[in-house]
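**Student:** This is model11.csv (CSV, N, CA and C atoms).
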chain,number,residue,atom,x,y,z
A,1,THR,N,61.0,130.4,140.7
A,1,THR,CA,61.9,129.7,141.5
A,1,THR,C,63.3,129.9,140.9
A,2,ILE,N,64.2,130.3,141.8
A,2,ILE,CA,65.6,130.5,141.4
A,2,ILE,C,66.4,129.2,141.7
A,3,ILE,N,67.1,128.8,140.7
A,3,ILE,CA,67.9,127.5,140.8
A,3,ILE,C,69.3,127.9,141.2
A,4,PRO,N,69.9,127.3,142.2
A,4,PRO,CA,71.2,127.6,142.7
A,4,PRO,C,72.2,127.2,141.6
A,5,ALA,N,73.3,128.0,141.4
A,5,ALA,CA,74.3,127.8,140.4
A,5,ALA,C,74.9,126.4,140.5
A,6,GLU,N,75.1,125.9,141.7
A,6,GLU,CA,75.7,124.6,141.9
A,6,GLU,C,74.9,123.4,141.4
A,7,GLU,N,73.6,123.7,141.2
A,7,GLU,CA,72.7,122.7,140.6
A,7,GLU,C,72.5,122.8,139.1
A,8,MET,N,73.2,123.7,138.5
A,8,MET,CA,73.0,124.0,137.1
A,8,MET,C,74.1,123.3,136.3
A,9,ALA,N,73.8,122.9,135.0
A,9,ALA,CA,74.8,122.2,134.2
A,9,ALA,C,75.8,123.3,133.7
A,10,VAL,N,75.3,124.4,133.3
A,10,VAL,CA,76.2,125.5,132.8
A,10,VAL,C,75.7,126.8,133.4
A,11,PRO,N,76.0,127.1,134.6
A,11,PRO,CA,75.4,128.3,135.3
A,11,PRO,C,75.7,129.6,134.6
A,12,GLU,N,76.9,129.8,134.0
A,12,GLU,CA,77.2,131.0,133.4
A,12,GLU,C,76.4,131.4,132.1
A,13,LYS,N,75.7,130.3,131.6
A,13,LYS,CA,74.8,130.5,130.5
A,13,LYS,C,73.3,130.3,130.9
A,14,GLY,N,73.1,130.0,132.2
A,14,GLY,CA,71.7,129.8,132.7
A,14,GLY,C,71.1,128.5,132.3
A,15,ILE,N,72.0,127.5,132.0
A,15,ILE,CA,71.5,126.2,131.5
A,15,ILE,C,71.4,125.3,132.8
A,16,TYR,N,70.2,124.9,133.1
A,16,TYR,CA,70.0,124.0,134.2
A,16,TYR,C,70.3,122.6,133.9
A,17,THR,N,69.8,122.0,132.8
A,17,THR,CA,70.0,120.6,132.5
A,17,THR,C,70.5,120.6,131.0
A,18,LEU,N,71.4,119.7,130.8
A,18,LEU,CA,72.0,119.5,129.5
A,18,LEU,C,71.9,118.1,129.0
A,19,GLY,N,71.2,117.9,127.9
A,19,GLY,CA,71.0,116.5,127.3
A,19,GLY,C,72.2,116.3,126.4
A,20,ARG,N,73.0,115.3,126.7
A,20,ARG,CA,74.2,115.1,125.8
A,20,ARG,C,74.0,113.9,124.9
A,21,LYS,N,73.0,113.1,125.2
A,21,LYS,CA,72.8,111.8,124.4
A,21,LYS,C,71.3,111.5,124.4
A,22,VAL,N,70.9,110.9,123.3
A,22,VAL,CA,69.5,110.4,123.2
A,22,VAL,C,69.6,108.9,122.9
A,23,ASN,N,68.9,108.1,123.7
A,23,ASN,CA,68.8,106.7,123.4
A,23,ASN,C,67.4,106.4,122.8
A,24,ILE,N,67.4,105.6,121.7
A,24,ILE,CA,66.1,105.3,121.1
A,24,ILE,C,66.0,103.8,121.0
A,25,GLY,N,65.0,103.2,121.6
A,25,GLY,CA,64.8,101.8,121.6
A,25,GLY,C,63.4,101.5,121.0
A,26,LEU,N,63.4,100.4,120.3
A,26,LEU,CA,62.1,99.9,119.7
A,26,LEU,C,61.8,98.5,120.1
A,27,ARG,N,60.5,98.2,120.4
A,27,ARG,CA,60.1,96.9,120.7
A,27,ARG,C,58.7,96.6,120.2
A,28,SER,N,58.5,95.4,119.8
A,28,SER,CA,57.2,95.0,119.3
A,28,SER,C,56.3,94.7,120.5
A,29,VAL,N,55.1,95.3,120.5
A,29,VAL,CA,54.1,95.1,121.5
A,29,VAL,C,53.1,94.0,121.0
A,30,THR,N,52.6,94.2,119.8
A,30,THR,CA,51.7,93.2,119.1
A,30,THR,C,52.2,93.1,117.7
A,31,ASP,N,51.5,92.3,116.9
A,31,ASP,CA,51.8,92.3,115.5
A,31,ASP,C,51.6,93.6,114.8
A,32,SER,N,50.8,94.5,115.3
A,32,SER,CA,50.5,95.7,114.7
A,32,SER,C,51.0,97.0,115.4
A,33,THR,N,51.7,96.8,116.5
A,33,THR,CA,52.2,98.0,117.2
A,33,THR,C,53.6,97.8,117.7
A,34,LYS,N,54.4,98.9,117.6
A,34,LYS,CA,55.7,98.9,118.2
A,34,LYS,C,55.7,100.1,119.2
A,35,THR,N,56.5,99.9,120.2
A,35,THR,CA,56.7,101.0,121.1
A,35,THR,C,58.1,101.6,120.9
A,36,VAL,N,58.2,102.9,120.9
A,36,VAL,CA,59.5,103.6,120.8
A,36,VAL,C,59.7,104.2,122.1
A,37,LEU,N,60.9,104.0,122.7
A,37,LEU,CA,61.3,104.7,123.9
A,37,LEU,C,62.4,105.7,123.6
A,38,MET,N,62.1,107.0,123.8
A,38,MET,CA,63.2,108.0,123.6
A,38,MET,C,63.6,108.4,125.0
A,39,ASP,N,64.9,108.2,125.3
A,39,ASP,CA,65.4,108.4,126.7
A,39,ASP,C,66.6,109.4,126.6
A,40,ILE,N,66.5,110.5,127.3
A,40,ILE,CA,67.6,111.4,127.5
A,40,ILE,C,68.1,111.3,128.9
A,41,PRO,N,69.3,110.6,129.1
A,41,PRO,CA,69.7,110.3,130.5
A,41,PRO,C,69.7,111.6,131.4
A,42,GLU,N,69.2,111.4,132.6
A,42,GLU,CA,69.1,112.4,133.6
A,42,GLU,C,68.1,113.5,133.3
A,43,ILE,N,67.3,113.3,132.2
A,43,ILE,CA,66.2,114.2,131.9
A,43,ILE,C,64.9,113.5,131.9
A,44,GLY,N,64.8,112.5,131.1
A,44,GLY,CA,63.5,111.7,131.1
A,44,GLY,C,63.4,110.8,130.0
A,45,THR,N,62.3,110.0,130.0
A,45,THR,CA,62.0,109.0,129.0
A,45,THR,C,60.6,109.3,128.5
A,46,MET,N,60.4,109.2,127.2
A,46,MET,CA,59.1,109.4,126.6
A,46,MET,C,58.8,108.2,125.7
A,47,PRO,N,57.7,107.5,126.0
A,47,PRO,CA,57.2,106.4,125.1
A,47,PRO,C,56.3,106.9,124.0
A,48,LEU,N,56.5,106.3,122.8
A,48,LEU,CA,55.6,106.6,121.7
A,48,LEU,C,55.1,105.2,121.2
A,49,SER,N,53.9,105.3,120.6
A,49,SER,CA,53.3,104.0,120.0
A,49,SER,C,53.2,104.2,118.5
A,50,LEU,N,53.7,103.2,117.8
A,50,LEU,CA,53.7,103.3,116.3
A,50,LEU,C,52.8,102.2,115.8
A,51,LYS,N,51.8,102.5,115.0
A,51,LYS,CA,50.9,101.5,114.4
A,51,LYS,C,51.5,101.0,113.1
A,52,MET,N,51.6,99.7,113.0
A,52,MET,CA,52.1,99.0,111.8
A,52,MET,C,50.9,98.8,110.8
A,53,ARG,N,51.2,98.9,109.6
A,53,ARG,CA,50.2,98.6,108.6
A,53,ARG,C,50.4,97.3,107.8
A,54,LYS,N,49.3,96.8,107.3
A,54,LYS,CA,49.4,95.6,106.5
A,54,LYS,C,49.9,96.0,105.1
A,55,VAL,N,50.5,95.0,104.4
A,55,VAL,CA,50.9,95.2,103.0
A,55,VAL,C,50.3,94.1,102.2
A,56,HIS,N,50.1,94.4,100.9
A,56,HIS,CA,49.4,93.5,100.0
A,56,HIS,C,50.4,92.5,99.4
A,57,ASN,N,50.1,91.2,99.5
A,57,ASN,CA,50.9,90.2,98.8
A,57,ASN,C,50.2,89.9,97.5
A,58,PRO,N,50.8,90.3,96.4
A,58,PRO,CA,50.1,90.0,95.1
A,58,PRO,C,50.1,88.6,94.7
A,59,GLU,N,50.9,87.7,95.3
A,59,GLU,CA,50.9,86.3,95.0
A,59,GLU,C,49.7,85.6,95.5
A,60,THR,N,49.3,86.0,96.7
A,60,THR,CA,48.1,85.4,97.4
A,60,THR,C,46.9,86.2,97.3
A,61,GLY,N,47.0,87.5,97.1
A,61,GLY,CA,45.9,88.5,97.1
A,61,GLY,C,45.6,88.9,98.6
A,62,ASP,N,46.3,88.5,99.6
A,62,ASP,CA,46.1,88.8,101.0
A,62,ASP,C,46.8,90.1,101.4
A,63,ASP,N,46.2,90.8,102.3
A,63,ASP,CA,46.8,91.9,103.0
A,63,ASP,C,47.4,91.3,104.3
A,64,ILE,N,48.7,91.3,104.5
A,64,ILE,CA,49.3,90.7,105.7
A,64,ILE,C,50.1,91.6,106.5
A,65,MET,N,50.3,91.3,107.7
A,65,MET,CA,51.2,92.1,108.6
A,65,MET,C,52.6,91.6,108.4
A,66,ILE,N,53.5,92.6,108.1
A,66,ILE,CA,54.9,92.3,107.8
A,66,ILE,C,55.7,93.1,108.8
A,67,GLU,N,56.8,92.6,109.2
A,67,GLU,CA,57.7,93.3,110.1
A,67,GLU,C,58.2,94.6,109.6
A,68,TYR,N,58.5,95.5,110.5
A,68,TYR,CA,59.2,96.8,110.1
A,68,TYR,C,60.7,96.7,110.5
A,69,ASN,N,61.5,97.5,109.8
A,69,ASN,CA,62.9,97.5,110.1
A,69,ASN,C,63.3,98.9,110.5
A,70,ALA,N,64.4,99.1,111.2
A,70,ALA,CA,64.8,100.4,111.6
A,70,ALA,C,66.2,100.6,111.1
A,71,ARG,N,66.5,101.9,110.7
A,71,ARG,CA,67.8,102.3,110.2
A,71,ARG,C,68.1,103.7,110.8
A,72,PRO,N,69.3,103.9,111.3
A,72,PRO,CA,69.7,105.3,111.7
A,72,PRO,C,69.9,106.2,110.6
A,73,PHE,N,69.6,107.5,110.8
A,73,PHE,CA,70.0,108.5,109.9
A,73,PHE,C,71.4,109.0,110.1
A,74,LYS,N,72.1,109.3,109.1
A,74,LYS,CA,73.4,109.9,109.2
A,74,LYS,C,73.2,111.4,109.7
A,75,VAL,N,73.7,111.7,110.9
A,75,VAL,CA,73.5,113.0,111.5
A,75,VAL,C,74.9,113.7,111.6
A,76,ASP,N,75.1,114.7,110.7
A,76,ASP,CA,76.3,115.5,110.8
A,76,ASP,C,76.3,116.5,111.9
A,77,SER,N,75.1,117.1,112.0
A,77,SER,CA,74.9,118.1,113.1
A,77,SER,C,73.4,118.2,113.5
A,78,ILE,N,73.1,118.7,114.6
A,78,ILE,CA,71.8,118.9,115.1
A,78,ILE,C,71.3,120.3,114.7
A,79,ARG,N,70.2,120.3,114.0
A,79,ARG,CA,69.7,121.6,113.6
A,79,ARG,C,68.9,122.3,114.7
A,80,ILE,N,69.1,123.6,114.8
A,80,ILE,CA,68.4,124.3,115.8
A,80,ILE,C,67.1,124.9,115.2
A,81,ASN,N,66.0,124.7,116.0
A,81,ASN,CA,64.6,125.2,115.6
A,81,ASN,C,64.2,124.4,114.3
A,82,ASP,N,64.7,123.2,114.0
A,82,ASP,CA,64.3,122.5,112.9
A,82,ASP,C,64.3,121.0,113.2
A,83,PHE,N,63.6,120.2,112.5
A,83,PHE,CA,63.5,118.7,112.8
A,83,PHE,C,64.8,118.1,112.3
A,84,THR,N,65.4,117.3,113.2
A,84,THR,CA,66.6,116.5,112.8
A,84,THR,C,66.2,115.0,112.9
A,85,PRO,N,66.1,114.3,111.7
A,85,PRO,CA,65.8,112.9,111.8
A,85,PRO,C,66.9,112.1,112.4
A,86,LEU,N,66.5,111.1,113.2
A,86,LEU,CA,67.4,110.2,113.9
A,86,LEU,C,67.3,108.8,113.5
A,87,VAL,N,66.0,108.3,113.4
A,87,VAL,CA,65.8,106.9,113.1
A,87,VAL,C,64.6,106.8,112.1
A,88,TRP,N,64.8,105.9,111.1
A,88,TRP,CA,63.7,105.6,110.1
A,88,TRP,C,63.2,104.2,110.5
A,89,VAL,N,61.9,104.0,110.6
A,89,VAL,CA,61.3,102.7,110.9
A,89,VAL,C,60.3,102.5,109.8
A,90,GLY,N,60.7,101.5,108.9
A,90,GLY,CA,59.9,101.3,107.7
A,90,GLY,C,59.5,99.9,107.4
A,91,SER,N,58.4,99.8,106.7
A,91,SER,CA,57.8,98.5,106.3
A,91,SER,C,58.6,97.8,105.2
A,92,PHE,N,58.6,96.5,105.3
A,92,PHE,CA,59.1,95.7,104.1
A,92,PHE,C,58.2,95.9,102.9
A,93,TRP,N,58.6,95.7,101.7
A,93,TRP,CA,57.8,95.8,100.5
A,93,TRP,C,58.0,94.6,99.7
A,94,TRP,N,57.0,94.4,98.8
A,94,TRP,CA,57.0,93.2,97.9
A,94,TRP,C,58.0,93.5,96.7
A,95,ASP,N,58.9,92.5,96.5
A,95,ASP,CA,59.8,92.5,95.4
A,95,ASP,C,59.3,91.5,94.4
A,96,GLY,N,58.7,92.0,93.3
A,96,GLY,CA,58.1,91.1,92.3
A,96,GLY,C,59.2,90.2,91.6
A,97,ASP,N,60.4,90.8,91.4
A,97,ASP,CA,61.5,90.0,90.7
A,97,ASP,C,61.8,88.7,91.5
A,98,PHE,N,61.9,88.8,92.8
A,98,PHE,CA,62.3,87.7,93.6
A,98,PHE,C,61.1,87.0,94.3
A,99,LYS,N,59.9,87.6,94.2
A,99,LYS,CA,58.7,87.1,94.8
A,99,LYS,C,58.8,87.0,96.4
A,100,ILE,N,59.4,88.0,97.0
A,100,ILE,CA,59.5,88.1,98.4
A,100,ILE,C,59.2,89.5,99.0
A,101,PHE,N,59.0,89.6,100.3
A,101,PHE,CA,59.0,90.8,100.9
A,101,PHE,C,60.4,91.1,101.4
A,102,ARG,N,60.8,92.3,101.2
A,102,ARG,CA,62.2,92.6,101.7
A,102,ARG,C,62.3,94.1,102.2
A,103,CYS,N,63.4,94.3,102.9
A,103,CYS,CA,63.7,95.7,103.4
A,103,CYS,C,65.2,95.8,103.3
A,104,CYS,N,65.7,96.0,102.1
A,104,CYS,CA,67.1,96.1,101.9
A,104,CYS,C,67.5,97.5,101.4
A,105,GLY,N,68.7,97.9,101.7
A,105,GLY,CA,69.2,99.2,101.3
A,105,GLY,C,70.3,99.7,102.2
A,106,GLU,N,70.4,101.0,102.3
A,106,GLU,CA,71.4,101.6,103.1
A,106,GLU,C,71.4,101.2,104.6
A,107,ASN,N,72.5,101.0,105.2
A,107,ASN,CA,72.6,100.7,106.6
A,107,ASN,C,72.4,102.0,107.4
A,108,GLU,N,72.8,103.2,106.8
A,108,GLU,CA,72.6,104.5,107.4
A,108,GLU,C,72.0,105.4,106.3
A,109,ILE,N,70.9,106.0,106.7
A,109,ILE,CA,70.1,106.8,105.7
A,109,ILE,C,70.6,108.2,105.7
A,110,SER,N,70.9,108.7,104.5
A,110,SER,CA,71.4,110.1,104.4
A,110,SER,C,70.3,111.1,104.1
A,111,SER,N,69.2,110.7,103.5
A,111,SER,CA,68.1,111.6,103.2
A,111,SER,C,66.8,110.8,103.0
A,112,LEU,N,65.7,111.5,103.0
A,112,LEU,CA,64.4,110.9,102.8
A,112,LEU,C,64.2,110.5,101.3
A,113,SER,N,65.1,110.9,100.5
A,113,SER,CA,65.0,110.5,99.1
A,113,SER,C,65.9,109.3,98.8
A,114,SER,N,66.3,108.6,99.8
A,114,SER,CA,67.1,107.4,99.6
A,114,SER,C,66.3,106.2,99.1
A,115,GLU,N,66.9,105.2,98.5
A,115,GLU,CA,66.2,104.1,97.9
A,115,GLU,C,65.4,103.3,98.8
A,116,ILE,N,65.9,103.0,100.0
A,116,ILE,CA,65.1,102.2,101.0
A,116,ILE,C,63.8,103.0,101.4
A,117,VAL,N,63.9,104.3,101.6
A,117,VAL,CA,62.7,105.1,101.9
A,117,VAL,C,61.7,105.1,100.8
A,118,ASP,N,62.2,105.3,99.6
A,118,ASP,CA,61.3,105.3,98.4
A,118,ASP,C,60.6,104.0,98.2
A,119,ASN,N,61.2,102.9,98.5
A,119,ASN,CA,60.6,101.6,98.3
A,119,ASN,C,59.6,101.2,99.4
A,120,SER,N,59.8,101.7,100.6
A,120,SER,CA,58.9,101.3,101.7
A,120,SER,C,57.5,101.9,101.5
A,121,PRO,N,56.4,101.1,101.6
A,121,PRO,CA,55.1,101.6,101.4
A,121,PRO,C,54.6,102.4,102.6
A,122,HIS,N,55.2,102.2,103.8
A,122,HIS,CA,54.8,102.9,105.0
A,122,HIS,C,56.0,103.0,106.0
A,123,TYR,N,56.2,104.2,106.5
A,123,TYR,CA,57.4,104.4,107.4
A,123,TYR,C,57.1,105.5,108.4
A,124,TYR,N,57.9,105.5,109.5
A,124,TYR,CA,57.9,106.6,110.4
A,124,TYR,C,59.4,107.2,110.5
A,125,VAL,N,59.5,108.5,110.7
A,125,VAL,CA,60.8,109.1,111.0
A,125,VAL,C,60.7,109.6,112.4
A,126,ILE,N,61.7,109.2,113.2
A,126,ILE,CA,61.8,109.6,114.6
A,126,ILE,C,62.9,110.5,114.7
A,127,GLY,N,62.7,111.7,115.3
A,127,GLY,CA,63.8,112.7,115.4
A,127,GLY,C,63.5,113.6,116.5
A,128,ILE,N,64.2,114.7,116.5
A,128,ILE,CA,64.1,115.7,117.6
A,128,ILE,C,64.1,117.2,117.0
A,129,VAL,N,63.5,118.1,117.7
A,129,VAL,CA,63.6,119.5,117.4
A,129,VAL,C,64.2,120.1,118.7
A,130,VAL,N,65.3,120.8,118.5
A,130,VAL,CA,66.0,121.5,119.6
A,130,VAL,C,65.7,123.0,119.5
A,131,THR,N,65.1,123.5,120.6
A,131,THR,CA,64.7,124.9,120.6
A,131,THR,C,65.4,125.5,121.8
A,132,PRO,N,66.3,126.5,121.5
A,132,PRO,CA,67.0,127.2,122.6
A,132,PRO,C,66.0,128.0,123.4
A,133,LYS,N,66.2,128.1,124.7
A,133,LYS,CA,65.3,128.8,125.6
A,133,LYS,C,66.2,130.0,126.2
Translate the structure of the given file into structure tokens.
**Tutor:**
Amino acid sequence: TIIPAEEMAVPEKGIYTLGRKVNIGLRSVTDSTKTVLMDIPEIGTMPLSLKMRKVHNPETGDDIMIEYNARPFKVDSIRINDFTPLVWVGSFWWDGDFKIFRCCGENEISSLSSEIVDNSPHYYVIGIVVTPK
């Protein structure tokens, strides 16, 4: 099928659709599941399901469901043909010094070796891979 030039985003380069923005939303479905919606306006929306894990409370000996927290990654540029992380979704962890579960650290994550990532017992990294066609 040939696409008319007037329907293309950048006809001189053969680009039909151009995604200029990615919206990422998170919502709890149950105590153990979150839904992630990745939306590229005028292109489409993709839902993902994330399973939350229980963490161990050393004070009570119980494994309990604890909330997860989300933090954006610092994105200087989008990598071509490589994974670009956009959002970190991580579990709270037990802090023995204060006897609480917490999820404290950077407001914006610069790498997977950051303190908040190292402390979290379970996390997801949501991102994109851009592949030129």
**Student:** Which polymer residues have any atom within 8 Å of an atom of region 98-105 of chain A, counting only N, CA and C atoms, with same-chain residues fewer than 4 positions away left out, as a list in words?
**Tutor:**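 In the requested form, the answer reads Glu59, Tyr68, Asn69, Gly90, Ser91, Phe92, Trp93, Trp94, Ile109, Ser114, Glu115, Ile116, Val117, Asn119 and Ser120 of chain A.
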**Student:** Residues of chain A in alpha helix (DSSP H) according to DSSP, as JSON, numbers by chain?
**Tutor:** {"A": [115, 116, 117, 118, 119]}
**Student:** Restricting the output to N, CA and C atoms, write the selected residues as a compact mmCIF listing (two decimals), in the coordinates of the input.
**Tutor:**
# COMPACT_ATOMS: atom_id res chain seq x y z
N GLU A 115 66.90 105.20 98.50
CA GLU A 115 66.20 104.10 97.90
C GLU A 115 65.40 103.30 98.80
N ILE A 116 65.90 103.00 100.00
CA ILE A 116 65.10 102.20 101.00
C ILE A 116 63.80 103.00 101.40
N VAL A 117 63.90 104.30 101.60
CA VAL A 117 62.70 105.10 101.90
C VAL A 117 61.70 105.10 100.80
N ASP A 118 62.20 105.30 99.60
CA ASP A 118 61.30 105.30 98.40
C ASP A 118 60.60 104.00 98.20
N ASN A 119 61.20 102.90 98.50
CA ASN A 119 60.60 101.60 98.30
C ASN A 119 59.60 101.20 99.40
**Student:** When distances are computed from all atoms listed in the file, which of A:Ile80, A:Val75, A:Met65, A:Leu112 shows the smallest separation from Thr131 (chain A)?
**Tutor:** A:Ile80
**Student:** What separation in Å, quoted to one decimal, exists between CA of Gly25 (chain A) and CA of Ser111 (chain A)?
**Tutor:**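 So the answer is 21.1 Å.
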**Student:** Out of A:Ser28, A:Gly61, A:Ile126, A:Glu7, which residue has the shortest atom-to-atom distance to Val89 (chain A) when counting only N, CA and C atoms?
**Tutor:**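 Using only N, CA and C atoms, Val89 (chain A) sits closest to A:Ile126.
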**Student:** Can you tell me, as a list in words, what residues are no more than 6 Å from region 36-48 of chain A when counting all atoms listed in the file, ignoring any on the same chain fewer than 4 positions away?
**Tutor:**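 The contact residues come out as Lys21, Val22, Asn23, Ile24, Gly25, Leu26 and Arg27 of chain A.
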**Student:** At what distance in Å, to one decimal, does atom N of Trp88 (chain A) lie from atom C of Tyr123 (chain A)?
**Tutor:**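 Separation between atom C of Tyr123 (chain A) and atom N of Trp88 (chain A): 8.2 Å.
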**Student:** Could you please write out, as a PyMOL selection string, every residue of chain A that DSSP assigns to strand (DSSP E or B)?
**Tutor:** chain A and resi 10+15+23-30+33-40+44-51+54-57+62-65+68-73+80+83-91+93-95+100-102+109+123-130
**Student:** Just the number, please: distance in Å from CA of Val29 (chain A) to CA of Gly127 (chain A), one decimal.
**Tutor:** 21.0 Å
**Student:** Check the smallest atom-to-atom distance from each of A:Pro11, A:Lys34, A:Thr84, A:Pro121 to Val55 (chain A) using only N, CA and C atoms, then report the winner.
**Tutor:**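 Comparing A:Pro11, A:Lys34, A:Thr84, A:Pro121 against Val55 (chain A), the winner is A:Pro121.
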**Student:** Given the choices A:Val125, A:Thr60, A:Lys13, A:Arg53, which gets closest to Leu86 (chain A) if the distance is worked out from only N, CA and C atoms?
**Tutor:**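 Closest to Leu86 (chain A) of all the choices is A:Val125.
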